[in-house]
Each structure stands twice: as structure tokens, then as C-alpha cells.
>>> print(open('target36.txt').read())   # compact mmCIF, N, CA, C and O atoms
# COMPACT_ATOMS: atom_id res chain seq x y z
N MET A 1172 29.79 -11.20 -0.96
CA MET A 1172 28.42 -11.04 -1.42
C MET A 1172 27.52 -10.88 -0.20
O MET A 1172 27.55 -11.67 0.72
N THR A 1173 26.71 -9.84 -0.21
CA THR A 1173 25.79 -9.57 0.89
C THR A 1173 24.38 -9.91 0.46
O THR A 1173 23.91 -9.44 -0.58
N LEU A 1174 23.72 -10.72 1.25
CA LEU A 1174 22.33 -11.07 0.96
C LEU A 1174 21.41 -10.18 1.77
O LEU A 1174 21.64 -9.94 2.96
N THR A 1175 20.38 -9.70 1.14
CA THR A 1175 19.41 -8.88 1.86
C THR A 1175 18.42 -9.78 2.60
O THR A 1175 18.05 -10.84 2.10
N GLN A 1176 18.04 -9.35 3.77
CA GLN A 1176 17.09 -10.11 4.56
C GLN A 1176 15.65 -9.78 4.18
O GLN A 1176 14.73 -10.48 4.55
N ASP A 1177 15.46 -8.70 3.43
CA ASP A 1177 14.13 -8.26 3.04
C ASP A 1177 13.73 -8.95 1.74
O ASP A 1177 14.44 -8.87 0.74
N PRO A 1178 12.59 -9.64 1.71
CA PRO A 1178 12.17 -10.32 0.48
C PRO A 1178 11.84 -9.32 -0.63
O PRO A 1178 11.54 -8.15 -0.38
N LEU A 1179 11.88 -9.80 -1.86
CA LEU A 1179 11.60 -8.96 -3.01
C LEU A 1179 10.18 -8.37 -2.96
O LEU A 1179 9.96 -7.22 -3.30
N HIS A 1180 9.22 -9.15 -2.50
CA HIS A 1180 7.83 -8.72 -2.38
C HIS A 1180 7.37 -8.92 -0.93
O HIS A 1180 6.69 -9.90 -0.61
N PRO A 1181 7.73 -8.00 -0.03
CA PRO A 1181 7.39 -8.19 1.39
C PRO A 1181 5.88 -8.15 1.63
O PRO A 1181 5.15 -7.43 0.95
N ALA A 1182 5.44 -8.93 2.60
CA ALA A 1182 4.01 -9.03 2.91
C ALA A 1182 3.42 -7.68 3.33
O ALA A 1182 2.25 -7.43 3.10
N ARG A 1183 4.24 -6.80 3.89
CA ARG A 1183 3.71 -5.49 4.31
C ARG A 1183 3.32 -4.62 3.12
O ARG A 1183 2.76 -3.55 3.28
N ARG A 1184 3.62 -5.08 1.91
CA ARG A 1184 3.25 -4.34 0.70
C ARG A 1184 2.23 -5.10 -0.15
O ARG A 1184 2.14 -4.88 -1.35
N HIS A 1185 1.45 -5.96 0.46
CA HIS A 1185 0.38 -6.66 -0.25
C HIS A 1185 -0.90 -5.84 -0.11
O HIS A 1185 -1.24 -5.40 0.98
N TYR A 1186 -1.60 -5.67 -1.22
CA TYR A 1186 -2.80 -4.85 -1.25
C TYR A 1186 -3.95 -5.60 -1.91
O TYR A 1186 -3.74 -6.48 -2.73
N VAL A 1187 -5.15 -5.19 -1.54
CA VAL A 1187 -6.36 -5.64 -2.23
C VAL A 1187 -6.91 -4.43 -2.95
O VAL A 1187 -7.10 -3.37 -2.35
N LEU A 1188 -7.16 -4.57 -4.23
CA LEU A 1188 -7.72 -3.51 -5.05
C LEU A 1188 -9.18 -3.83 -5.31
O LEU A 1188 -9.50 -4.90 -5.83
N LYS A 1189 -10.06 -2.92 -4.93
CA LYS A 1189 -11.50 -3.11 -5.14
C LYS A 1189 -11.97 -2.00 -6.08
O LYS A 1189 -11.94 -0.82 -5.72
N LEU A 1190 -12.37 -2.38 -7.28
CA LEU A 1190 -12.84 -1.40 -8.27
C LEU A 1190 -14.36 -1.24 -8.14
O LEU A 1190 -15.08 -2.22 -7.98
N ASP A 1191 -14.82 0.02 -8.22
CA ASP A 1191 -16.25 0.29 -8.22
C ASP A 1191 -16.88 -0.30 -9.46
O ASP A 1191 -16.23 -0.43 -10.50
N ARG A 1192 -18.16 -0.62 -9.38
CA ARG A 1192 -18.82 -1.20 -10.55
C ARG A 1192 -18.93 -0.20 -11.69
O ARG A 1192 -19.07 -0.58 -12.84
N GLN A 1193 -18.83 1.11 -11.40
CA GLN A 1193 -18.88 2.12 -12.45
C GLN A 1193 -17.52 2.30 -13.13
O GLN A 1193 -17.42 3.01 -14.12
N ALA A 1194 -16.47 1.69 -12.60
CA ALA A 1194 -15.13 1.86 -13.18
C ALA A 1194 -15.11 1.34 -14.61
O ALA A 1194 -15.58 0.24 -14.90
N ASP A 1195 -14.60 2.17 -15.50
CA ASP A 1195 -14.50 1.81 -16.91
C ASP A 1195 -13.26 2.48 -17.49
O ASP A 1195 -13.31 3.64 -17.90
N PRO A 1196 -12.12 1.78 -17.49
CA PRO A 1196 -10.88 2.38 -17.97
C PRO A 1196 -10.98 2.90 -19.41
O PRO A 1196 -10.33 3.85 -19.77
N ALA A 1197 -11.83 2.29 -20.24
CA ALA A 1197 -11.99 2.74 -21.62
C ALA A 1197 -12.51 4.17 -21.68
O ALA A 1197 -12.22 4.92 -22.60
N GLN A 1198 -13.29 4.55 -20.66
CA GLN A 1198 -13.83 5.91 -20.59
C GLN A 1198 -13.03 6.79 -19.63
O GLN A 1198 -13.41 7.91 -19.35
N GLY A 1199 -11.95 6.25 -19.09
CA GLY A 1199 -11.13 7.02 -18.16
C GLY A 1199 -11.69 7.06 -16.75
O GLY A 1199 -11.28 7.89 -15.95
N LEU A 1200 -12.64 6.18 -16.45
CA LEU A 1200 -13.25 6.14 -15.11
C LEU A 1200 -12.62 5.01 -14.30
O LEU A 1200 -12.93 3.85 -14.51
N VAL A 1201 -11.72 5.37 -13.43
CA VAL A 1201 -11.08 4.40 -12.55
C VAL A 1201 -11.31 4.86 -11.13
O VAL A 1201 -10.80 5.90 -10.72
N SER A 1202 -12.10 4.11 -10.39
CA SER A 1202 -12.37 4.48 -9.00
C SER A 1202 -12.54 3.22 -8.18
O SER A 1202 -12.87 2.16 -8.70
N GLY A 1203 -12.30 3.36 -6.88
CA GLY A 1203 -12.45 2.21 -6.00
C GLY A 1203 -11.77 2.44 -4.67
O GLY A 1203 -11.68 3.57 -4.18
N ARG A 1204 -11.31 1.36 -4.10
CA ARG A 1204 -10.69 1.38 -2.78
C ARG A 1204 -9.52 0.41 -2.80
O ARG A 1204 -9.57 -0.64 -3.45
N ILE A 1205 -8.46 0.75 -2.09
CA ILE A 1205 -7.31 -0.15 -1.97
C ILE A 1205 -6.98 -0.30 -0.49
O ILE A 1205 -7.08 0.67 0.27
N GLU A 1206 -6.68 -1.52 -0.09
CA GLU A 1206 -6.42 -1.80 1.33
C GLU A 1206 -5.12 -2.58 1.48
O GLU A 1206 -4.87 -3.54 0.75
N ASN A 1207 -4.30 -2.15 2.44
CA ASN A 1207 -3.07 -2.84 2.76
C ASN A 1207 -3.42 -4.04 3.64
O ASN A 1207 -4.03 -3.88 4.70
N LEU A 1208 -3.05 -5.23 3.22
CA LEU A 1208 -3.41 -6.44 3.98
C LEU A 1208 -2.68 -6.55 5.30
O LEU A 1208 -3.21 -7.13 6.26
N ALA A 1209 -1.48 -6.02 5.39
CA ALA A 1209 -0.70 -6.14 6.62
C ALA A 1209 -1.13 -5.14 7.68
O ALA A 1209 -1.22 -5.46 8.86
N THR A 1210 -1.44 -3.90 7.26
CA THR A 1210 -1.74 -2.85 8.23
C THR A 1210 -3.23 -2.57 8.37
O THR A 1210 -3.66 -2.00 9.36
N GLY A 1211 -4.00 -2.93 7.36
CA GLY A 1211 -5.43 -2.63 7.37
C GLY A 1211 -5.75 -1.22 6.91
O GLY A 1211 -6.91 -0.86 6.79
N ARG A 1212 -4.71 -0.42 6.67
CA ARG A 1212 -4.97 0.94 6.17
C ARG A 1212 -5.60 0.85 4.79
O ARG A 1212 -5.22 0.00 3.98
N ALA A 1213 -6.53 1.75 4.53
CA ALA A 1213 -7.21 1.76 3.24
C ALA A 1213 -7.46 3.20 2.81
O ALA A 1213 -7.50 4.10 3.64
N PHE A 1214 -7.60 3.38 1.51
CA PHE A 1214 -7.98 4.69 1.00
C PHE A 1214 -8.80 4.50 -0.27
O PHE A 1214 -8.68 3.51 -0.98
N ASP A 1215 -9.68 5.46 -0.51
CA ASP A 1215 -10.49 5.48 -1.72
C ASP A 1215 -9.77 6.32 -2.77
O ASP A 1215 -9.02 7.23 -2.45
N PHE A 1216 -10.03 6.01 -4.03
CA PHE A 1216 -9.46 6.79 -5.12
C PHE A 1216 -10.53 7.01 -6.18
O PHE A 1216 -11.45 6.21 -6.32
N ASN A 1217 -10.43 8.14 -6.88
CA ASN A 1217 -11.43 8.51 -7.88
C ASN A 1217 -10.88 8.53 -9.30
O ASN A 1217 -11.63 8.70 -10.25
N ASP A 1218 -9.56 8.41 -9.42
CA ASP A 1218 -8.93 8.39 -10.73
C ASP A 1218 -7.55 7.76 -10.58
O ASP A 1218 -7.10 7.47 -9.47
N ALA A 1219 -6.89 7.54 -11.70
CA ALA A 1219 -5.58 6.89 -11.68
C ALA A 1219 -4.57 7.73 -10.90
O ALA A 1219 -3.73 7.18 -10.18
N ALA A 1220 -4.65 9.05 -11.03
CA ALA A 1220 -3.70 9.92 -10.33
C ALA A 1220 -3.84 9.80 -8.82
O ALA A 1220 -2.84 9.72 -8.10
N SER A 1221 -5.07 9.75 -8.32
CA SER A 1221 -5.25 9.63 -6.86
C SER A 1221 -4.88 8.24 -6.37
O SER A 1221 -4.42 8.07 -5.24
N LEU A 1222 -5.02 7.22 -7.21
CA LEU A 1222 -4.57 5.87 -6.86
C LEU A 1222 -3.05 5.86 -6.70
O LEU A 1222 -2.52 5.37 -5.69
N LEU A 1223 -2.35 6.41 -7.68
CA LEU A 1223 -0.88 6.44 -7.61
C LEU A 1223 -0.39 7.31 -6.46
O LEU A 1223 0.58 6.96 -5.79
N ALA A 1224 -1.06 8.43 -6.21
CA ALA A 1224 -0.68 9.30 -5.09
C ALA A 1224 -0.86 8.57 -3.76
O ALA A 1224 -0.02 8.66 -2.87
N GLY A 1225 -1.94 7.82 -3.62
CA GLY A 1225 -2.18 7.06 -2.40
C GLY A 1225 -1.15 5.97 -2.20
O GLY A 1225 -0.67 5.74 -1.08
N LEU A 1226 -0.78 5.29 -3.27
CA LEU A 1226 0.25 4.25 -3.17
C LEU A 1226 1.60 4.87 -2.81
O LEU A 1226 2.36 4.30 -2.02
N ALA A 1227 1.89 6.04 -3.36
CA ALA A 1227 3.15 6.73 -3.02
C ALA A 1227 3.17 7.08 -1.54
O ALA A 1227 4.19 6.90 -0.87
N ARG A 1228 2.04 7.56 -1.00
CA ARG A 1228 1.96 7.85 0.45
C ARG A 1228 2.21 6.59 1.26
O ARG A 1228 2.90 6.61 2.27
N GLU A 1229 1.62 5.47 0.82
CA GLU A 1229 1.81 4.20 1.52
C GLU A 1229 3.29 3.81 1.53
O GLU A 1229 3.79 3.33 2.55
N LEU A 1230 3.97 3.97 0.42
CA LEU A 1230 5.39 3.62 0.35
C LEU A 1230 6.23 4.49 1.28
O LEU A 1230 7.15 4.00 1.94
N VAL A 1231 5.91 5.78 1.35
CA VAL A 1231 6.64 6.67 2.26
C VAL A 1231 6.40 6.25 3.70
O VAL A 1231 7.33 6.16 4.50
N GLU A 1232 5.14 5.96 4.05
CA GLU A 1232 4.82 5.53 5.42
C GLU A 1232 5.50 4.20 5.73
O GLU A 1232 5.98 3.99 6.84
N ASP A 1233 5.54 3.29 4.75
CA ASP A 1233 6.17 1.99 4.95
C ASP A 1233 7.66 2.17 5.23
O ASP A 1233 8.20 1.55 6.14
N LYS A 1234 8.34 3.02 4.48
CA LYS A 1234 9.77 3.25 4.71
C LYS A 1234 10.00 3.85 6.09
O LYS A 1234 10.95 3.50 6.76
N THR A 1235 9.13 4.75 6.51
CA THR A 1235 9.25 5.39 7.83
C THR A 1235 9.08 4.35 8.94
O THR A 1235 9.85 4.32 9.89
N GLU A 1236 8.09 3.47 8.78
CA GLU A 1236 7.84 2.44 9.81
C GLU A 1236 8.96 1.42 9.86
O GLU A 1236 9.36 0.98 10.92
N VAL A 1237 9.47 1.02 8.72
CA VAL A 1237 10.53 0.00 8.67
C VAL A 1237 11.83 0.56 9.23
O VAL A 1237 12.57 -0.14 9.92
N SER A 1238 12.12 1.84 8.98
CA SER A 1238 13.39 2.40 9.44
C SER A 1238 13.36 2.81 10.92
O SER A 1238 14.38 3.06 11.51
N ALA A 1239 12.16 2.89 11.50
CA ALA A 1239 12.07 3.24 12.91
C ALA A 1239 12.58 2.09 13.77
O ALA A 1239 12.33 0.92 13.47
N PRO A 1240 13.29 2.40 14.84
CA PRO A 1240 13.79 1.33 15.70
C PRO A 1240 12.62 0.64 16.41
O PRO A 1240 11.61 1.27 16.71
N PRO A 1241 12.76 -0.65 16.69
CA PRO A 1241 11.68 -1.36 17.37
C PRO A 1241 11.49 -0.84 18.79
O PRO A 1241 12.44 -0.37 19.43
N LEU A 1242 10.25 -0.90 19.27
CA LEU A 1242 9.96 -0.47 20.63
C LEU A 1242 10.51 -1.47 21.63
O LEU A 1242 10.43 -2.68 21.41
N ARG A 1243 11.06 -0.98 22.71
CA ARG A 1243 11.57 -1.86 23.76
C ARG A 1243 10.46 -2.19 24.72
O ARG A 1243 9.66 -1.33 25.09
N ARG A 1244 10.40 -3.41 25.14
CA ARG A 1244 9.42 -3.83 26.14
C ARG A 1244 10.18 -4.34 27.35
O ARG A 1244 10.81 -5.37 27.31
N ASP A 1245 10.14 -3.56 28.38
CA ASP A 1245 10.86 -3.94 29.63
C ASP A 1245 9.93 -4.49 30.66
O ASP A 1245 8.81 -4.23 30.75
>>> encode(input="target36.txt", output="C-alpha cells")
Amino acid sequence: MTLTQDPLHPARRHYVLKLDRQADPAQGLVSGRIENLATGRAFDFNDAASLLAGLARELVEDKTEVSAPPLRRD
């Protein structure tokens, strides 16, 4: 049995979701800002599609950063 060292919900994937005061899902208005707590990267979104697209970009960037070898400090 192999145990993974990566937690189920890693801290590098914690986000803060800030909804605009005009956001009203009943009317299809979903807008705001989302920020990654670990990296500080943030993006604005104007609808559900742009929110999901932004999160997908974050996941791709996260996989790229995690798979990159650590920098050597000599």
C-alpha cells in the first residue's frame, strides 16, 4: 500500500471568494473576485463561466509549479 504525501485538500488550493454586491444568482448575475491564499494570485470574474475558466487556469498553473523541480541554492 502506497500512501500519498499530498493532502486531500492542499493549502496551495485554498481560495477566498468575494462576490460583488450586485451578484444575484437568481438573475444569473455572478461576479466578483477570487484569490489564492497561498500564492496571492487573484482574478476577477463576470459570470459562472469565467469563474470556472479562471479556476481551471489556476489548476493548470498549480500542476506546473508542483511538478517543476525545486530550485537549487548553492
>>> residues_around(input="target36.txt", residues="Arg1183 (chain A)", least_positions_apart="2", cutoff="8 Å", atoms="all atoms listed in the file", output="PyMOL selection string")
chain A and resi 1180-1181+1185-1186+1207-1211+1229+1233
>>> residues_around(input="target36.txt", residues="Gln1193 (chain A)", least_positions_apart="5", cutoff="7 Å", atoms="only N, CA, C and O atoms", output="ChimeraX atom specification")
/A:1200-1202
>>> select_by_dssp(input="target36.txt", residues="chain A", states="strand (DSSP E or B)", output="mmCIF file with N, CA, C and O atoms, in the frame of the given file")
data_model
loop_
_atom_site.group_PDB
_atom_site.id
_atom_site.type_symbol
_atom_site.label_atom_id
_atom_site.label_comp_id
_atom_site.auth_asym_id
_atom_site.auth_seq_id
_atom_site.Cartn_x
_atom_site.Cartn_y
_atom_site.Cartn_z
ATOM 1 N N TYR A 1186 -1.600 -5.670 -1.220
ATOM 2 C CA TYR A 1186 -2.800 -4.850 -1.250
ATOM 3 C C TYR A 1186 -3.950 -5.600 -1.910
ATOM 4 O O TYR A 1186 -3.740 -6.480 -2.730
ATOM 5 N N VAL A 1187 -5.150 -5.190 -1.540
ATOM 6 C CA VAL A 1187 -6.360 -5.640 -2.230
ATOM 7 C C VAL A 1187 -6.910 -4.430 -2.950
ATOM 8 O O VAL A 1187 -7.100 -3.370 -2.350
ATOM 9 N N LEU A 1188 -7.160 -4.570 -4.230
ATOM 10 C CA LEU A 1188 -7.720 -3.510 -5.050
ATOM 11 C C LEU A 1188 -9.180 -3.830 -5.310
ATOM 12 O O LEU A 1188 -9.500 -4.900 -5.830
ATOM 13 N N LYS A 1189 -10.060 -2.920 -4.930
ATOM 14 C CA LYS A 1189 -11.500 -3.110 -5.140
ATOM 15 C C LYS A 1189 -11.970 -2.000 -6.080
ATOM 16 O O LYS A 1189 -11.940 -0.820 -5.720
ATOM 17 N N LEU A 1190 -12.370 -2.380 -7.280
ATOM 18 C CA LEU A 1190 -12.840 -1.400 -8.270
ATOM 19 C C LEU A 1190 -14.360 -1.240 -8.140
ATOM 20 O O LEU A 1190 -15.080 -2.220 -7.980
ATOM 21 N N ASP A 1195 -14.600 2.170 -15.500
ATOM 22 C CA ASP A 1195 -14.500 1.810 -16.910
ATOM 23 C C ASP A 1195 -13.260 2.480 -17.490
ATOM 24 O O ASP A 1195 -13.310 3.640 -17.900
ATOM 25 N N LEU A 1200 -12.640 6.180 -16.450
ATOM 26 C CA LEU A 1200 -13.250 6.140 -15.110
ATOM 27 C C LEU A 1200 -12.620 5.010 -14.300
ATOM 28 O O LEU A 1200 -12.930 3.850 -14.510
ATOM 29 N N GLY A 1203 -12.300 3.360 -6.880
ATOM 30 C CA GLY A 1203 -12.450 2.210 -6.000
ATOM 31 C C GLY A 1203 -11.770 2.440 -4.670
ATOM 32 O O GLY A 1203 -11.680 3.570 -4.180
ATOM 33 N N ARG A 1204 -11.310 1.360 -4.100
ATOM 34 C CA ARG A 1204 -10.690 1.380 -2.780
ATOM 35 C C ARG A 1204 -9.520 0.410 -2.800
ATOM 36 O O ARG A 1204 -9.570 -0.640 -3.450
ATOM 37 N N ILE A 1205 -8.460 0.750 -2.090
ATOM 38 C CA ILE A 1205 -7.310 -0.150 -1.970
ATOM 39 C C ILE A 1205 -6.980 -0.300 -0.490
ATOM 40 O O ILE A 1205 -7.080 0.670 0.270
ATOM 41 N N GLU A 1206 -6.680 -1.520 -0.090
ATOM 42 C CA GLU A 1206 -6.420 -1.800 1.330
ATOM 43 C C GLU A 1206 -5.120 -2.580 1.480
ATOM 44 O O GLU A 1206 -4.870 -3.540 0.750
ATOM 45 N N ASN A 1207 -4.300 -2.150 2.440
ATOM 46 C CA ASN A 1207 -3.070 -2.840 2.760
ATOM 47 C C ASN A 1207 -3.420 -4.040 3.640
ATOM 48 O O ASN A 1207 -4.030 -3.880 4.700
ATOM 49 N N ALA A 1213 -6.530 1.750 4.530
ATOM 50 C CA ALA A 1213 -7.210 1.760 3.240
ATOM 51 C C ALA A 1213 -7.460 3.200 2.810
ATOM 52 O O ALA A 1213 -7.500 4.100 3.640
ATOM 53 N N PHE A 1214 -7.600 3.380 1.510
ATOM 54 C CA PHE A 1214 -7.980 4.690 1.000
ATOM 55 C C PHE A 1214 -8.800 4.500 -0.270
ATOM 56 O O PHE A 1214 -8.680 3.510 -0.980
ATOM 57 N N ASP A 1215 -9.680 5.460 -0.510
ATOM 58 C CA ASP A 1215 -10.490 5.480 -1.720
ATOM 59 C C ASP A 1215 -9.770 6.320 -2.770
ATOM 60 O O ASP A 1215 -9.020 7.230 -2.450
ATOM 61 N N PHE A 1216 -10.030 6.010 -4.030
ATOM 62 C CA PHE A 1216 -9.460 6.790 -5.120
ATOM 63 C C PHE A 1216 -10.530 7.010 -6.180
ATOM 64 O O PHE A 1216 -11.450 6.210 -6.320
#
>>> residues_around(input="target36.txt", residues="Arg1228 (chain A)", least_positions_apart="6", cutoff="12 Å", atoms="only C-alpha atoms", output="list in words")
Arg1212, Ala1213, Phe1214, Ser1221, Leu1222, Lys1234 and Thr1235 of chain A
>>> atom_distance(input="target36.txt", atom1="CA of Gly1225 (chain A)", atom2="CA of Pro1178 (chain A)")
22.7 Å
>>> select_by_dssp(input="target36.txt", residues="region 1179-1244 of chain A", states="helix (DSSP H, G or I)", output="PyMOL selection string")
chain A and resi 1182-1184+1196-1198+1219-1238
>>> atom_distance(input="target36.txt", atom1="CA of Asn1217 (chain A)", atom2="CA of Ala1197 (chain A)")
14.9 Å
>>> atom_distance(input="target36.txt", atom1="CA of Ile1205 (chain A)", atom2="atom N of Val1231 (chain A)")
14.9 Å
>>> axis_aligned_box(input="target36.txt", around="region 1221-1229 of chain A", padding_each_side="5 Å", output="JSON")
{"center_x": -0.5, "center_y": 6.5, "center_z": -2.9, "size_x": 19.4, "size_y": 16.4, "size_z": 20.9}
>>> decode(input="target36.txt", residues="chain A", atoms="C-alpha atoms", output="short mmCIF file (atom, residue, chain, number, x, y, z; two decimals), in the first residue's frame")
data_model
loop_
_atom_site.label_atom_id
_atom_site.label_comp_id
_atom_site.auth_asym_id
_atom_site.auth_seq_id
_atom_site.Cartn_x
_atom_site.Cartn_y
_atom_site.Cartn_z
CA MET A 1172 0.00 0.00 0.00
CA THR A 1173 1.41 3.37 -1.03
CA LEU A 1174 0.44 6.46 0.90
CA THR A 1175 0.42 9.78 -0.87
CA GLN A 1176 2.31 12.62 0.75
CA ASP A 1177 -0.04 15.21 -0.76
CA PRO A 1178 -3.06 16.02 1.44
CA LEU A 1179 -6.57 15.71 0.03
CA HIS A 1180 -7.09 19.50 0.30
CA PRO A 1181 -3.63 21.10 -0.02
CA ALA A 1182 -3.18 24.63 1.29
CA ARG A 1183 -1.95 25.80 -2.11
CA ARG A 1184 -5.54 25.32 -3.33
CA HIS A 1185 -7.30 27.44 -0.70
CA TYR A 1186 -9.21 30.39 -2.12
CA VAL A 1187 -11.21 33.36 -0.92
CA LEU A 1188 -14.31 34.10 -2.97
CA LYS A 1189 -15.53 37.70 -2.88
CA LEU A 1190 -18.92 38.27 -4.52
CA ASP A 1191 -19.90 41.73 -5.76
CA ARG A 1192 -22.89 43.26 -4.03
CA GLN A 1193 -24.73 43.20 -7.38
CA ALA A 1194 -24.30 39.41 -7.64
CA ASP A 1195 -27.68 37.70 -7.81
CA PRO A 1196 -27.60 34.04 -8.88
CA ALA A 1197 -31.42 34.04 -9.23
CA GLN A 1198 -30.99 36.51 -12.10
CA GLY A 1199 -27.87 34.84 -13.45
CA LEU A 1200 -25.60 37.62 -12.19
CA VAL A 1201 -22.50 36.10 -10.65
CA SER A 1202 -19.49 38.39 -10.43
CA GLY A 1203 -16.65 39.05 -8.07
CA ARG A 1204 -13.05 38.24 -7.34
CA ILE A 1205 -11.26 35.07 -6.23
CA GLU A 1206 -7.84 34.99 -4.58
CA ASN A 1207 -5.47 32.11 -3.93
CA LEU A 1208 -4.40 32.31 -0.27
CA ALA A 1209 -1.07 30.57 -0.82
CA THR A 1210 0.15 32.48 -3.89
CA GLY A 1211 -1.77 35.74 -3.66
CA ARG A 1212 -2.79 35.42 -7.31
CA ALA A 1213 -6.26 36.79 -7.94
CA PHE A 1214 -8.64 37.24 -10.83
CA ASP A 1215 -11.98 38.90 -11.40
CA PHE A 1216 -14.93 37.10 -12.95
CA ASN A 1217 -18.16 38.37 -14.50
CA ASP A 1218 -20.12 35.14 -14.81
CA ALA A 1219 -20.02 31.50 -13.80
CA ALA A 1220 -18.19 30.52 -16.99
CA SER A 1221 -15.34 32.98 -16.37
CA LEU A 1222 -15.12 31.83 -12.73
CA LEU A 1223 -14.74 28.20 -13.80
CA ALA A 1224 -12.28 29.14 -16.57
CA GLY A 1225 -10.16 31.06 -14.05
CA LEU A 1226 -10.15 28.16 -11.61
CA ALA A 1227 -9.15 25.79 -14.43
CA ARG A 1228 -6.19 28.10 -15.26
CA GLU A 1229 -5.21 28.07 -11.58
CA LEU A 1230 -5.25 24.26 -11.51
CA VAL A 1231 -3.07 24.05 -14.62
CA GLU A 1232 -0.59 26.56 -13.14
CA ASP A 1233 -0.62 24.67 -9.82
CA LYS A 1234 0.21 21.36 -11.54
CA THR A 1235 3.03 23.07 -13.48
CA GLU A 1236 4.51 24.60 -10.31
CA VAL A 1237 4.24 21.39 -8.28
CA SER A 1238 5.82 19.24 -10.99
CA ALA A 1239 8.73 21.63 -11.52
CA PRO A 1240 11.91 20.57 -9.75
CA PRO A 1241 12.89 22.71 -6.74
CA LEU A 1242 15.47 25.42 -7.29
CA ARG A 1243 18.95 24.64 -6.00
CA ARG A 1244 20.58 27.12 -3.68
CA ASP A 1245 24.34 26.78 -3.63
#
